[in-house]
Structure formats: structure tokens, C-alpha cells
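The structure appears right after this line, and notes come after that.
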Amino acid sequence: MDLRDLGLLFPDGLGNPFFEEEALYSNFRFARTLALKERFNGATTEEEFFSYLWNQNAMQPILSKILPMPCKNKKASEIARSNGNRFFGARNYELALLHYNISILSAPHPPIIFDNTASVSANKETENLCTGEPENEPQATGTFTDESGDSVPEDTTESNANDEQQKCCNIANAKEKGVEFLYEEFVKVQKTVTNLHEEVTVLREKVSCMSKEIATLRERVVATEGQVFYPGKQSTMDELSAEAESKEVDTAEYRELALAYANRSAVLLELKQYKECMEDIALAFKYGYPKSSREKLVNRRKKCEAALETGPYVKLVSYHCLCEQVALTNPKILGASDSVELSFTPAKGRSLVAKTNIRPGEILIDHKALIYMGLGQCPKNCNTCMVQCYTPLPCPNCIMAVFCSEACRTEGLTGDHEKECIPTNYFLDSAEYFFLQNLMMKTTFAKLKDLVPKLRTEAATKPPTQLGFNEEGVYDPSDYRAFYHLLTNKDYHEMDSLFNFCMKAVVFLKYLLISEKFFVDEAGNPFTPSSEDQIFVGGILFHHFLNAYGNNGIALEIETTLGSTTFKPGVVGNVFSPTVAMVNHSCYPSATLTTCGNRVIVMATRSIRAGEEVTLTYIGDLVYQEPETTRKQRLLSNFFFLCHCIACEGKWSEFSPDKSRRTFKCLACGGPVNPKLKTCMDCNLDFLKSNGENVYDLEEVGRKIGQATQTFLQNWMHKPVTTMGKEEAKSLTSIIEIFDKYVYPPDEVHLAAQRVLVEWFTLSRRHYVKIKGF
């Protein structure tokens, strides 16, 4: 295993000191050799594996190189901007935009402070200015104190029939305490308060008049000649410049950020993205773009304004989604259909099975999941809504997240991302690291310390069908408990593989230690955990690296070019869902998985009878066309089981539509019917001599299937899937149901109809349309 496999990323051009010393490689190789030779000193538990490696002397020089350092880097930003300039000069605008995005992502950024109280107060102040009402109503909080020190609330109620009686009571009570009550002075105080109320009323009227005058002045400004229309507001050119200058931050510290935004605005103008160009110009001003060079940005903005006045423009990338979230109401498995339930068999372990008959096209799972999008050089998906964004806004603290809008950035920085954001240059870019960072930072050390011992007891004492369910007996895919109880397959991994996972856990624990965000007390202050606590957390990390490996799905994104009917699906990441992880594999799956934003959705692609397993493919679509030995070896190497699905047992890879005749299915057992003898080859049911609901007229059914075949070939075989609506999809599912009931697989038309349904389902989720040449 090479250290680079750990996924440690550094900004382009900065070099990587972690890999520069040959001594580190020697220490790493020594630790690996020692661990494998001694087989981790006979370790059996996850904590024992981790403890052995963590405490090796050869590990310390490696771990000492992982130091806390600021995530944002001026030098990295400058290098990326320089690369962008080079591509911009060569008119390669796509790569220029990419490197300007990297420059913005890497540049030091001022903190973003969200003060909800201040926002509310500001809103109240604005509303009061318009209505003439004071920000706060006068509150009667005055008190007076008698000689004994007792505090008595000041009476500010309106005069009524009980006033005199109450006053007498007050005087009597005061006299009983031996206090001479100066009632006349009290009356004077009341008169003073009344006068103050009258003055406040007069001031309110004055404020109301001033508000009307301000509104009139605003109308005059709007009517002024030479005004321009800027996205989201109306203002003059001078007002825009003044506003930007008044809000700009320190020009020296954040100059790289301002330059990156300015340069990105240049490429956006060339790409005719006028609104986005103007937004970047405003951000360049905000973060201190040099005043001596602002004239060119002002001229660039004028070009955008002129272009926007002539008409709309086409975005580089737009997305479309016909996806409607289905309300799934399974009381035992959240985010799942009522038609499925959890089952267990010794041969296959836990699985989802149909509780009732399921039709093709039925949604079986729909819930929010952890979805990792590979970052590459720069993240391209919004951290909050997962949509592709070609002009992203950065996280002010780290380089792991981008946002498509201020709204998404606010939601992220005040929500989920705030918990997982760790500013460090040793950013780990892989699906497993993403999964652990999300899981650990949201769960917290204090919760793990209390919860994990209980979960270990559950794993040793509870039956498999109860693992992952909370105290109320509900399987919640967002609950840490569900993730913890996923299989690790630790006993099936080779020792070399165990070392790789354990080494990742070692590096990640160091990562958590230097972050100072995971090991914190109740007040949020970081502390150094004890050696026992470090080993405890390390064992948990090792556990999750193991179960993340075999329990993730594939995240796809669908793209096309403007004006084209050809769609290109691509694997862009991984999906982590405990519910999906319980769905077993088949080379002829009964369901398909896709994502829409941060939701994972599973749909049935054919009929599933009650009691039958819901299955997905782990190794790709149309995998049944591969030789059985090849795909069985892939499954055994990666998932530690031998597949005995219908495609493997029936050797579908040898299936040839040109040489094979259609085979009917027995309704009694689902086996194939001999077309000559007209008997089931599995249960020997005789279709000529028997009668009942499981027997049908083979010739009549043959004509029905022939009709369905003709309809499919005419309507869907050679037409773009994009033209299919919901009603046509329903008609397609009816054809699939006919084949499901009467035709024994594999059948060419049956398989083709299922593929069309999968394509339609995938495209009805979120898909992207790009302009030509980008």
C-alpha cells in the first residue's frame, strides 16, 4: 500500500512534505511488514487491531507530519488564478473557469457571522420606520422602595373603578408596616408618566411623517434618469459603487479572493453568463479589489447590463427534475414502502423482502442519505442541495464544500456543514473518509462514549432482524445505530486488506485530534483525550472503514447537450444508506437505485411477488451478459459471497435471442413450461390435463404476449425516452407485468422493456443540460 492511497490532498503546486522524505516510506513499510508478519499480534477485536498499529514506534514519524495548518492558502489561490489566466489567454474558457473556481476556493475568506438576533432586530427597526411605531413599546418596569426595603411594582394601569380601593389598600398596608406613605408624590409620578406617554405619541407622528418623506425620496431616485437594473434590486451606478466600497473588507488580507472573483467575471462575460458576471464583480468590490483598476470592472458590468436589456441568455448548465417525493409510510422502516419488510436467512443474511405483491414502477425507498460526490480538482456540487454549480460560493473555513447560492451557504454553515467543517490542509478525498467525517462529527465523541458499548452488547445478544432498530422498534436510516450495525466482513478480509483499513483509521484519528472539533467538552472547548479514549475511537473508525467498504451504492448524474436527445449517465460518487445496504444483489435485479439531490430512491423494475427478495445489482447494469465465472469472481473478491441468482444458475451469458424460443412460465411455481409437452419442467404441472387458476391457454397467452411485443416495439423501442410521460410509463409497466406473469426469463423484449423503464425513471430525476462546447 502506497501512502498516496490514503487520499491526502494538497493544493496544486505547493508540494507535499508528507511524501517528500524517504524515511517516511521506510517507516511505513516497516510498520506494514511488522503488522502482517505478526498478524497484528493475534488481535481479534477492532480496538486490538487499531491499538497495535497506533502504538507502533514506526507510526510516530508519519503521524508527526500531519500538522494543523490553515486550509485557505494565498499561494495556492495565486497559482490557480495564474493557471486560469493561461487558459483564458488560450480561449479555453472551461478550464479557465475551473481554475478560477479553485482560486476562489483556496483564497483566505473573511468569517461569515450569522446573527439571528441582529437580523430580527434589524427587520423590526425597518418595519417600525415604515409604520412610525417605536422599536419597543414602553414597558412599565419602574419600582419604588419603602424604608423596609420591600420592592413594590409601579402601578401603570388605566384609571378604573377599583383604583381608589387599591390605593387605600396600599396606604393601609404601608401604615401597618410603620411607613409614612407620600401619596401626593406618587400622584405626581403618575402625572409625569402620563406626560411622557403624550410626548411619545407626538414623536410617533413625527416619525410617521419622516417615513412618508423617505418613501417619496425613494420614488424620485427610482425615476432618476440613468438608472440601471441590477439583479435583485434597483439602484444607480453610483449607489452600487458606494455600496460595494462601504461593505468591502481588508484589502490586503483578502486581495486574492477579490482578484479571483474579478478574473472569473471576465471568463463569465466571454461565456455570456451576464447575471453571474455581475454578481462576481460585486463580490470583487466587496472583498477589496484595487480601486485603481475598478474602472474596467465597471465597464464590464455595463456590458452585462446592456446585454441583459436585449433579452434572456442561456445558462451554461441548467438542470431539470420531474421528481416528486413519495410519502412512504412504513412504520417500522422510515423512508420505505409499506410493501417491504426486513427478513433474515443464514445463507444471505439480512434482506428486504416484499410483504405484498409489488408492481413495476412502485417506489420502495425514498429518503435523505449521505451522498459523496468525488471532488477531483474542485467540488462541483452544492454541499446543501447537491446541484451542480459552475460559479460556486466557497465555505469560508475549508476547501471541502461549495455552495450554489447564498441561501444554500447560509443553510449549510448554520446546519449540517457547520458540524463537519474542519479547516485543515490534510483534506481526505475519498468516499470512506467523507462518510466517516459526516458520521463522526454529527454523532460527537460524548454520544459515542455512551452509545457504542450498548451497541456492542446488542450485536452480541440480539437477533440480526432486530439490529439497527431504535428503542421504539423503528429502523431510522439517519440514526447512527443503523450505520453501526451494518456488516464489516472483518473475518473475510485478507490481512493486508485489514492493515489498509486500519492505517486509514490511524490517519483519520490524527485528523480528528488536530481538528479540535471532535474531542470537545460540554462547553465546546477542545481537550486532549486519554490514551484509552483514543484507542476507543480508533477502534470505532476501523469498524466504520470496514462497513463503509461493502455497504455503499453508486451515485449517478445524467447529462445531455442543449438540443440533443442523447443522455450520458456517469458514476460521480457513492451513496451511504443503511436501508439500501440491506438490499441484496442479483445479476437480474428486481429494482434500480438512483439519486435526486441528497435523496436516494429505489424503484421496482418488474413484478415482485410477496415473500420474494427485493434486489439491486452491485456490479453494474446488464451484468448478466458477462461470463458467469467473471462476475462471480468479482462478487466474491469484493463482497465475499457466491451469487446463485437466476441469471447465474441459468447461464444467461450464453443466451442468444436469435437462437432461443420464447418460454412460458408456470404460474404455480414460476418454472419454465416445455412448449412441446406443455408441462412445467419444475413441478410437472400438465397444462393439457389440469385446470384451475394456475393453468392457462398457451395459445391465447401467446397471442396476448405477441400483441404486447408489437406495442412495445412500435411505441418505445426506437423513440427517445425523453418523450415519455407518466401515462406512457404506466402503459409500459402493464406490458412488463404481462411478461412477468407469463414469460420465463430471459426474454429479449422483456429485458428491453425493463431497461426503458429504468432509463425513464433515471431521467425523471434530476438531470443536467449543458450548452454546446462546454
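If you're wondering about the labels, chains in the C-alpha cells are A, B, ... by order shown, residues count from 1 in each chain, ligands from 1 in order shown.
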message: DSSP on the backbone: which residues in segment 458-550 of chain A end up as strand (DSSP E or B)? Give the answer as a PyMOL selection string.
response: chain A and resi 469+475+520+526
Include N, CA, C and O atoms and write out the residues we just selected as an mmCIF file, in the first residue's frame.
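Printed below is part.cif as written:
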```
data_model
loop_
_atom_site.group_PDB
_atom_site.id
_atom_site.type_symbol
_atom_site.label_atom_id
_atom_site.label_comp_id
_atom_site.auth_asym_id
_atom_site.auth_seq_id
_atom_site.Cartn_x
_atom_site.Cartn_y
_atom_site.Cartn_z
ATOM 1 N N PHE A 469 -32.440 -1.244 14.888
ATOM 2 C CA PHE A 469 -33.713 -0.646 15.296
ATOM 3 C C PHE A 469 -33.516 0.086 16.623
ATOM 4 O O PHE A 469 -32.819 -0.394 17.517
ATOM 5 N N TYR A 475 -36.560 1.393 12.434
ATOM 6 C CA TYR A 475 -35.286 1.450 11.713
ATOM 7 C C TYR A 475 -35.202 2.800 11.029
ATOM 8 O O TYR A 475 -35.885 3.074 10.044
ATOM 9 N N VAL A 520 -14.257 17.546 22.295
ATOM 10 C CA VAL A 520 -14.593 18.799 22.973
ATOM 11 C C VAL A 520 -15.490 18.493 24.170
ATOM 12 O O VAL A 520 -16.198 17.488 24.200
ATOM 13 N N PRO A 526 -11.925 22.347 23.251
ATOM 14 C CA PRO A 526 -11.176 21.121 22.918
ATOM 15 C C PRO A 526 -10.347 20.622 24.096
ATOM 16 O O PRO A 526 -9.899 21.407 24.932
#
```
task: Could you please write out, as a PyMOL selection string, every residue of segment 41-114 of chain A that DSSP assigns to alpha helix (DSSP H)?
output: chain A and resi 41-42+46-54+59-64+74-89+93-106
Do a neighbour search on Asn638 of chain A at 10 Å with only C-alpha atoms, toss out local chain neighbours closer than 5 positions, and write the hits as a PDB file with C-alpha atoms, in the first residue's frame.
```pdb
ATOM      1  CA  HIS A 493     -10.733  -9.774   4.608  1.00  0.00           C
ATOM      2  CA  TYR A 549     -16.411  -0.518   2.105  1.00  0.00           C
ATOM      3  CA  GLY A 550     -19.151  -3.018   1.358  1.00  0.00           C
ATOM      4  CA  TYR A 618     -23.799  -4.361  -7.095  1.00  0.00           C
ATOM      5  CA  ILE A 619     -21.582  -4.521 -10.190  1.00  0.00           C
ATOM      6  CA  GLN A 633     -15.217 -13.806  -9.044  1.00  0.00           C
TER       7      GLN A 633
END
```
Pull the closest atom pair for each residue of segment 463-535 of chain A that gets at most 12 Å from segment 359-369 of chain A, along with the distance in Å to one decimal, counting only C-alpha atoms, ordering rows by chain and then ascending residue number, as a tab-separated table.
```
residue	atom	partner	partner_atom	distance
A:Asp476	CA	A:His367	CA	10.0
A:Pro477	CA	A:Ala369	CA	7.7
A:Ser478	CA	A:Ala369	CA	7.4
A:Asp479	CA	A:Ala369	CA	10.9
A:Phe483	CA	A:Ala369	CA	11.4
```
Output C-alpha atoms for every residue in that selection, as an mmCIF file, in the first residue's frame.
```
data_model
loop_
_atom_site.group_PDB
_atom_site.id
_atom_site.type_symbol
_atom_site.label_atom_id
_atom_site.label_comp_id
_atom_site.auth_asym_id
_atom_site.auth_seq_id
_atom_site.Cartn_x
_atom_site.Cartn_y
_atom_site.Cartn_z
ATOM 1 C CA ASP A 476 -34.201 5.042 11.065
ATOM 2 C CA PRO A 477 -31.673 5.404 8.197
ATOM 3 C CA SER A 478 -30.376 8.649 9.736
ATOM 4 C CA ASP A 479 -29.679 7.036 13.114
ATOM 5 C CA PHE A 483 -24.895 2.556 10.412
#
```
Shell around Pro627 of chain A at 10 Å using only C-alpha atoms, local window under 2 positions removed, as number ranges by chain: A: 623-625, 629-632, 648, 651-654
Output file for the residues above (all heavy atoms, as a compact mmCIF listing (two decimals), in the first residue's frame):
```txt
# COMPACT_ATOMS: atom_id res chain seq x y z
N VAL A 623 -25.15 -6.79 -16.28
CA VAL A 623 -24.01 -7.61 -15.87
C VAL A 623 -24.23 -9.07 -16.25
O VAL A 623 -23.26 -9.84 -16.39
CB VAL A 623 -23.77 -7.46 -14.35
CG1 VAL A 623 -24.91 -8.07 -13.56
CG2 VAL A 623 -22.45 -8.08 -13.95
N TYR A 624 -25.48 -9.47 -16.46
CA TYR A 624 -25.75 -10.86 -16.82
C TYR A 624 -25.17 -11.22 -18.19
O TYR A 624 -25.13 -12.40 -18.56
CB TYR A 624 -27.26 -11.14 -16.81
CG TYR A 624 -28.09 -10.18 -17.61
CD1 TYR A 624 -28.17 -10.28 -18.99
CD2 TYR A 624 -28.82 -9.17 -16.99
CE1 TYR A 624 -28.94 -9.39 -19.73
CE2 TYR A 624 -29.58 -8.28 -17.72
CZ TYR A 624 -29.64 -8.40 -19.09
OH TYR A 624 -30.39 -7.51 -19.82
N GLN A 625 -24.74 -10.21 -18.96
CA GLN A 625 -24.13 -10.50 -20.25
C GLN A 625 -22.68 -10.94 -20.12
O GLN A 625 -22.09 -11.48 -21.05
CB GLN A 625 -24.22 -9.27 -21.15
CG GLN A 625 -25.65 -8.87 -21.50
CD GLN A 625 -25.74 -7.61 -22.35
OE1 GLN A 625 -24.74 -6.91 -22.54
NE2 GLN A 625 -26.93 -7.31 -22.85
N THR A 629 -18.43 -16.95 -14.61
CA THR A 629 -17.22 -17.08 -13.79
C THR A 629 -16.60 -15.71 -13.50
O THR A 629 -16.08 -15.48 -12.40
CB THR A 629 -16.20 -17.99 -14.50
OG1 THR A 629 -15.96 -17.48 -15.83
CG2 THR A 629 -16.72 -19.42 -14.59
N THR A 630 -16.67 -14.80 -14.47
CA THR A 630 -16.07 -13.47 -14.29
C THR A 630 -16.80 -12.68 -13.23
O THR A 630 -16.20 -12.12 -12.31
CB THR A 630 -16.09 -12.69 -15.62
OG1 THR A 630 -15.37 -13.43 -16.61
CG2 THR A 630 -15.46 -11.32 -15.45
N ARG A 631 -18.11 -12.61 -13.34
CA ARG A 631 -18.85 -11.80 -12.37
C ARG A 631 -18.92 -12.46 -11.00
O ARG A 631 -18.94 -11.78 -9.98
CB ARG A 631 -20.26 -11.47 -12.89
CG ARG A 631 -21.20 -12.62 -13.11
CD ARG A 631 -22.56 -12.07 -13.54
NE ARG A 631 -23.59 -13.07 -13.64
CZ ARG A 631 -23.98 -13.67 -14.76
NH1 ARG A 631 -23.40 -13.35 -15.91
NH2 ARG A 631 -24.94 -14.56 -14.76
N LYS A 632 -18.92 -13.77 -10.95
CA LYS A 632 -18.89 -14.44 -9.65
C LYS A 632 -17.59 -14.15 -8.92
O LYS A 632 -17.59 -13.96 -7.69
CB LYS A 632 -19.08 -15.95 -9.83
CG LYS A 632 -20.53 -16.37 -10.07
CD LYS A 632 -20.70 -17.86 -9.92
CE LYS A 632 -22.17 -18.26 -9.99
NZ LYS A 632 -22.39 -19.66 -9.67
N CYS A 648 -27.22 -16.37 -12.98
CA CYS A 648 -26.02 -17.18 -12.83
C CYS A 648 -26.32 -18.66 -13.01
O CYS A 648 -25.60 -19.40 -13.70
CB CYS A 648 -25.40 -16.94 -11.46
SG CYS A 648 -24.60 -15.34 -11.28
N LYS A 651 -27.16 -19.48 -16.60
CA LYS A 651 -26.11 -19.15 -17.58
C LYS A 651 -26.64 -18.22 -18.67
O LYS A 651 -26.59 -18.53 -19.87
CB LYS A 651 -25.53 -20.42 -18.18
CG LYS A 651 -24.83 -21.31 -17.15
CD LYS A 651 -24.17 -22.51 -17.78
CE LYS A 651 -23.42 -23.33 -16.73
NZ LYS A 651 -22.73 -24.51 -17.33
N TRP A 652 -27.14 -17.08 -18.24
CA TRP A 652 -27.73 -16.13 -19.18
C TRP A 652 -26.72 -15.55 -20.17
O TRP A 652 -27.09 -15.06 -21.22
CB TRP A 652 -28.38 -14.98 -18.41
CG TRP A 652 -29.72 -15.35 -17.82
CD1 TRP A 652 -30.20 -16.59 -17.59
CD2 TRP A 652 -30.73 -14.44 -17.40
NE1 TRP A 652 -31.45 -16.54 -17.03
CE2 TRP A 652 -31.80 -15.22 -16.90
CE3 TRP A 652 -30.84 -13.06 -17.35
CZ2 TRP A 652 -32.96 -14.65 -16.38
CZ3 TRP A 652 -31.99 -12.49 -16.85
CH2 TRP A 652 -33.05 -13.27 -16.37
N SER A 653 -25.46 -15.59 -19.83
CA SER A 653 -24.46 -15.04 -20.74
C SER A 653 -24.42 -15.81 -22.07
O SER A 653 -23.95 -15.29 -23.08
CB SER A 653 -23.07 -15.07 -20.09
OG SER A 653 -22.68 -16.41 -19.80
N GLU A 654 -24.94 -17.03 -22.04
CA GLU A 654 -24.99 -17.84 -23.26
C GLU A 654 -26.29 -17.66 -24.02
O GLU A 654 -26.49 -18.25 -25.07
CB GLU A 654 -24.80 -19.33 -22.91
CG GLU A 654 -23.48 -19.62 -22.19
CD GLU A 654 -23.38 -21.06 -21.73
OE1 GLU A 654 -24.30 -21.85 -22.07
OE2 GLU A 654 -22.40 -21.40 -21.03
```
- request: Using only C-alpha atoms, find the one residue out of A:Ile104, A:Val452, A:Val695, A:Met59 that sits nearest to Ile399 of chain A.
  value: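 Of A:Ile104, A:Val452, A:Val695, A:Met59, the one nearest Ile399 of chain A, counting only C-alpha atoms, is A:Ile104.
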Applying 6 Å and only C-alpha atoms, which residues near Leu328 of chain A remain after dropping the ones on its own chain fewer than 3 positions away? List them as a compact mmCIF listing (two decimals) with C-alpha atoms, in the first residue's frame.
```txt
# COMPACT_ATOMS: atom_id res chain seq x y z
CA GLY A 335 -38.36 6.14 4.25
CA ALA A 336 -39.54 2.76 2.97
CA SER A 337 -42.75 1.49 1.41
```
Test item: residues at most 12 Å from Thr711 of chain A, only C-alpha atoms, excluding those fewer than 3 positions along its chain, as a PDB file with N, CA, C and O atoms, in the first residue's frame:
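As written to disk, selection_15.pdb reads:
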```pdb
ATOM      1  N   LYS A 704     -51.557 -12.813 -26.693  1.00  0.00           N
ATOM      2  CA  LYS A 704     -51.533 -11.641 -25.812  1.00  0.00           C
ATOM      3  C   LYS A 704     -50.115 -11.081 -25.704  1.00  0.00           C
ATOM      4  O   LYS A 704     -49.898  -9.860 -25.757  1.00  0.00           O
ATOM      5  N   ILE A 705     -49.150 -11.971 -25.562  1.00  0.00           N
ATOM      6  CA  ILE A 705     -47.756 -11.539 -25.456  1.00  0.00           C
ATOM      7  C   ILE A 705     -47.270 -10.975 -26.789  1.00  0.00           C
ATOM      8  O   ILE A 705     -46.526  -9.984 -26.829  1.00  0.00           O
ATOM      9  N   GLY A 706     -47.714 -11.563 -27.884  1.00  0.00           N
ATOM     10  CA  GLY A 706     -47.339 -11.036 -29.191  1.00  0.00           C
ATOM     11  C   GLY A 706     -47.852  -9.620 -29.400  1.00  0.00           C
ATOM     12  O   GLY A 706     -47.152  -8.766 -29.962  1.00  0.00           O
ATOM     13  N   GLN A 707     -49.073  -9.371 -28.936  1.00  0.00           N
ATOM     14  CA  GLN A 707     -49.644  -8.021 -29.016  1.00  0.00           C
ATOM     15  C   GLN A 707     -48.839  -7.031 -28.188  1.00  0.00           C
ATOM     16  O   GLN A 707     -48.545  -5.910 -28.619  1.00  0.00           O
ATOM     17  N   ALA A 708     -48.468  -7.446 -26.964  1.00  0.00           N
ATOM     18  CA  ALA A 708     -47.673  -6.584 -26.090  1.00  0.00           C
ATOM     19  C   ALA A 708     -46.310  -6.300 -26.709  1.00  0.00           C
ATOM     20  O   ALA A 708     -45.802  -5.169 -26.623  1.00  0.00           O
ATOM     21  N   GLN A 714     -43.376  -0.680 -31.302  1.00  0.00           N
ATOM     22  CA  GLN A 714     -43.873   0.495 -32.017  1.00  0.00           C
ATOM     23  C   GLN A 714     -43.726   1.776 -31.190  1.00  0.00           C
ATOM     24  O   GLN A 714     -43.365   2.831 -31.720  1.00  0.00           O
ATOM     25  N   ASN A 715     -43.995   1.690 -29.916  1.00  0.00           N
ATOM     26  CA  ASN A 715     -44.087   2.897 -29.094  1.00  0.00           C
ATOM     27  C   ASN A 715     -42.796   3.307 -28.379  1.00  0.00           C
ATOM     28  O   ASN A 715     -42.595   4.506 -28.130  1.00  0.00           O
ATOM     29  N   TRP A 716     -41.939   2.347 -28.041  1.00  0.00           N
ATOM     30  CA  TRP A 716     -40.816   2.704 -27.165  1.00  0.00           C
ATOM     31  C   TRP A 716     -39.451   2.208 -27.622  1.00  0.00           C
ATOM     32  O   TRP A 716     -38.442   2.770 -27.213  1.00  0.00           O
ATOM     33  N   MET A 717     -39.396   1.223 -28.462  1.00  0.00           N
ATOM     34  CA  MET A 717     -38.108   0.610 -28.774  1.00  0.00           C
ATOM     35  C   MET A 717     -37.154   1.586 -29.457  1.00  0.00           C
ATOM     36  O   MET A 717     -35.962   1.607 -29.177  1.00  0.00           O
ATOM     37  N   HIS A 718     -37.694   2.435 -30.336  1.00  0.00           N
ATOM     38  CA  HIS A 718     -36.821   3.309 -31.118  1.00  0.00           C
ATOM     39  C   HIS A 718     -37.162   4.792 -30.927  1.00  0.00           C
ATOM     40  O   HIS A 718     -36.818   5.610 -31.769  1.00  0.00           O
ATOM     41  N   GLU A 728     -47.682   7.148 -20.364  1.00  0.00           N
ATOM     42  CA  GLU A 728     -46.988   6.166 -21.200  1.00  0.00           C
ATOM     43  C   GLU A 728     -46.157   5.218 -20.343  1.00  0.00           C
ATOM     44  O   GLU A 728     -46.032   4.031 -20.668  1.00  0.00           O
ATOM     45  N   SER A 731     -48.405   2.583 -19.075  1.00  0.00           N
ATOM     46  CA  SER A 731     -48.675   1.607 -20.126  1.00  0.00           C
ATOM     47  C   SER A 731     -47.505   0.642 -20.282  1.00  0.00           C
ATOM     48  O   SER A 731     -47.698  -0.562 -20.491  1.00  0.00           O
ATOM     49  N   LEU A 732     -46.286   1.174 -20.173  1.00  0.00           N
ATOM     50  CA  LEU A 732     -45.094   0.318 -20.266  1.00  0.00           C
ATOM     51  C   LEU A 732     -45.050  -0.676 -19.113  1.00  0.00           C
ATOM     52  O   LEU A 732     -44.713  -1.850 -19.313  1.00  0.00           O
ATOM     53  N   SER A 734     -47.501  -1.975 -17.630  1.00  0.00           N
ATOM     54  CA  SER A 734     -48.513  -3.023 -17.884  1.00  0.00           C
ATOM     55  C   SER A 734     -47.938  -4.088 -18.797  1.00  0.00           C
ATOM     56  O   SER A 734     -48.206  -5.293 -18.617  1.00  0.00           O
ATOM     57  N   ILE A 735     -47.156  -3.674 -19.779  1.00  0.00           N
ATOM     58  CA  ILE A 735     -46.520  -4.651 -20.677  1.00  0.00           C
ATOM     59  C   ILE A 735     -45.516  -5.497 -19.906  1.00  0.00           C
ATOM     60  O   ILE A 735     -45.453  -6.727 -20.080  1.00  0.00           O
ATOM     61  N   ILE A 736     -44.740  -4.848 -19.033  1.00  0.00           N
ATOM     62  CA  ILE A 736     -43.763  -5.596 -18.225  1.00  0.00           C
ATOM     63  C   ILE A 736     -44.484  -6.614 -17.340  1.00  0.00           C
ATOM     64  O   ILE A 736     -44.022  -7.755 -17.184  1.00  0.00           O
ATOM     65  N   VAL A 749     -37.419  -8.970 -25.368  1.00  0.00           N
ATOM     66  CA  VAL A 749     -38.351  -7.846 -25.276  1.00  0.00           C
ATOM     67  C   VAL A 749     -38.598  -7.484 -23.807  1.00  0.00           C
ATOM     68  O   VAL A 749     -38.665  -6.304 -23.440  1.00  0.00           O
ATOM     69  N   ALA A 753     -37.809  -3.840 -22.258  1.00  0.00           N
ATOM     70  CA  ALA A 753     -38.851  -3.015 -21.630  1.00  0.00           C
ATOM     71  C   ALA A 753     -38.414  -2.553 -20.237  1.00  0.00           C
ATOM     72  O   ALA A 753     -38.660  -1.405 -19.844  1.00  0.00           O
TER      73      ALA A 753
END
```
task: Could you check how far atom CA of Glu279 of chain A sits from atom CA of Ala262 of chain A, in Å to one decimal?
output: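 Spanning atom CA of Glu279 of chain A to atom CA of Ala262 of chain A is a straight-line distance of 9.9 Å.
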message: Quick one: residues within 8 Å of Pro578 of chain A, only C-alpha atoms, excluding same-chain residues fewer than 3 positions away - as a count of residues only?
response: 7
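Nearest residue to Glu612 of chain A, choosing from A:Met373, A:Ile358, A:Ile333, A:Val721 and counting only C-alpha atoms: A:Ile358.
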- request: Determine the nearest neighbour of Asn263 of chain A from the options A:Cys395, A:Ala80, A:Val506, A:Cys404, counting only C-alpha atoms.
  value: A:Ala80
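If you look at atom CA of Lys510 of chain A and atom CA of Leu67 of chain A, they are 9.0 Å away from each other.
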query: Pick from A:Gly611, A:Pro379, A:Gly538, A:Gly650: nearest to Leu513 of chain A, with only C-alpha atoms counted?
result: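 That would be A:Gly538, the residue with the smallest distance to Leu513 of chain A.
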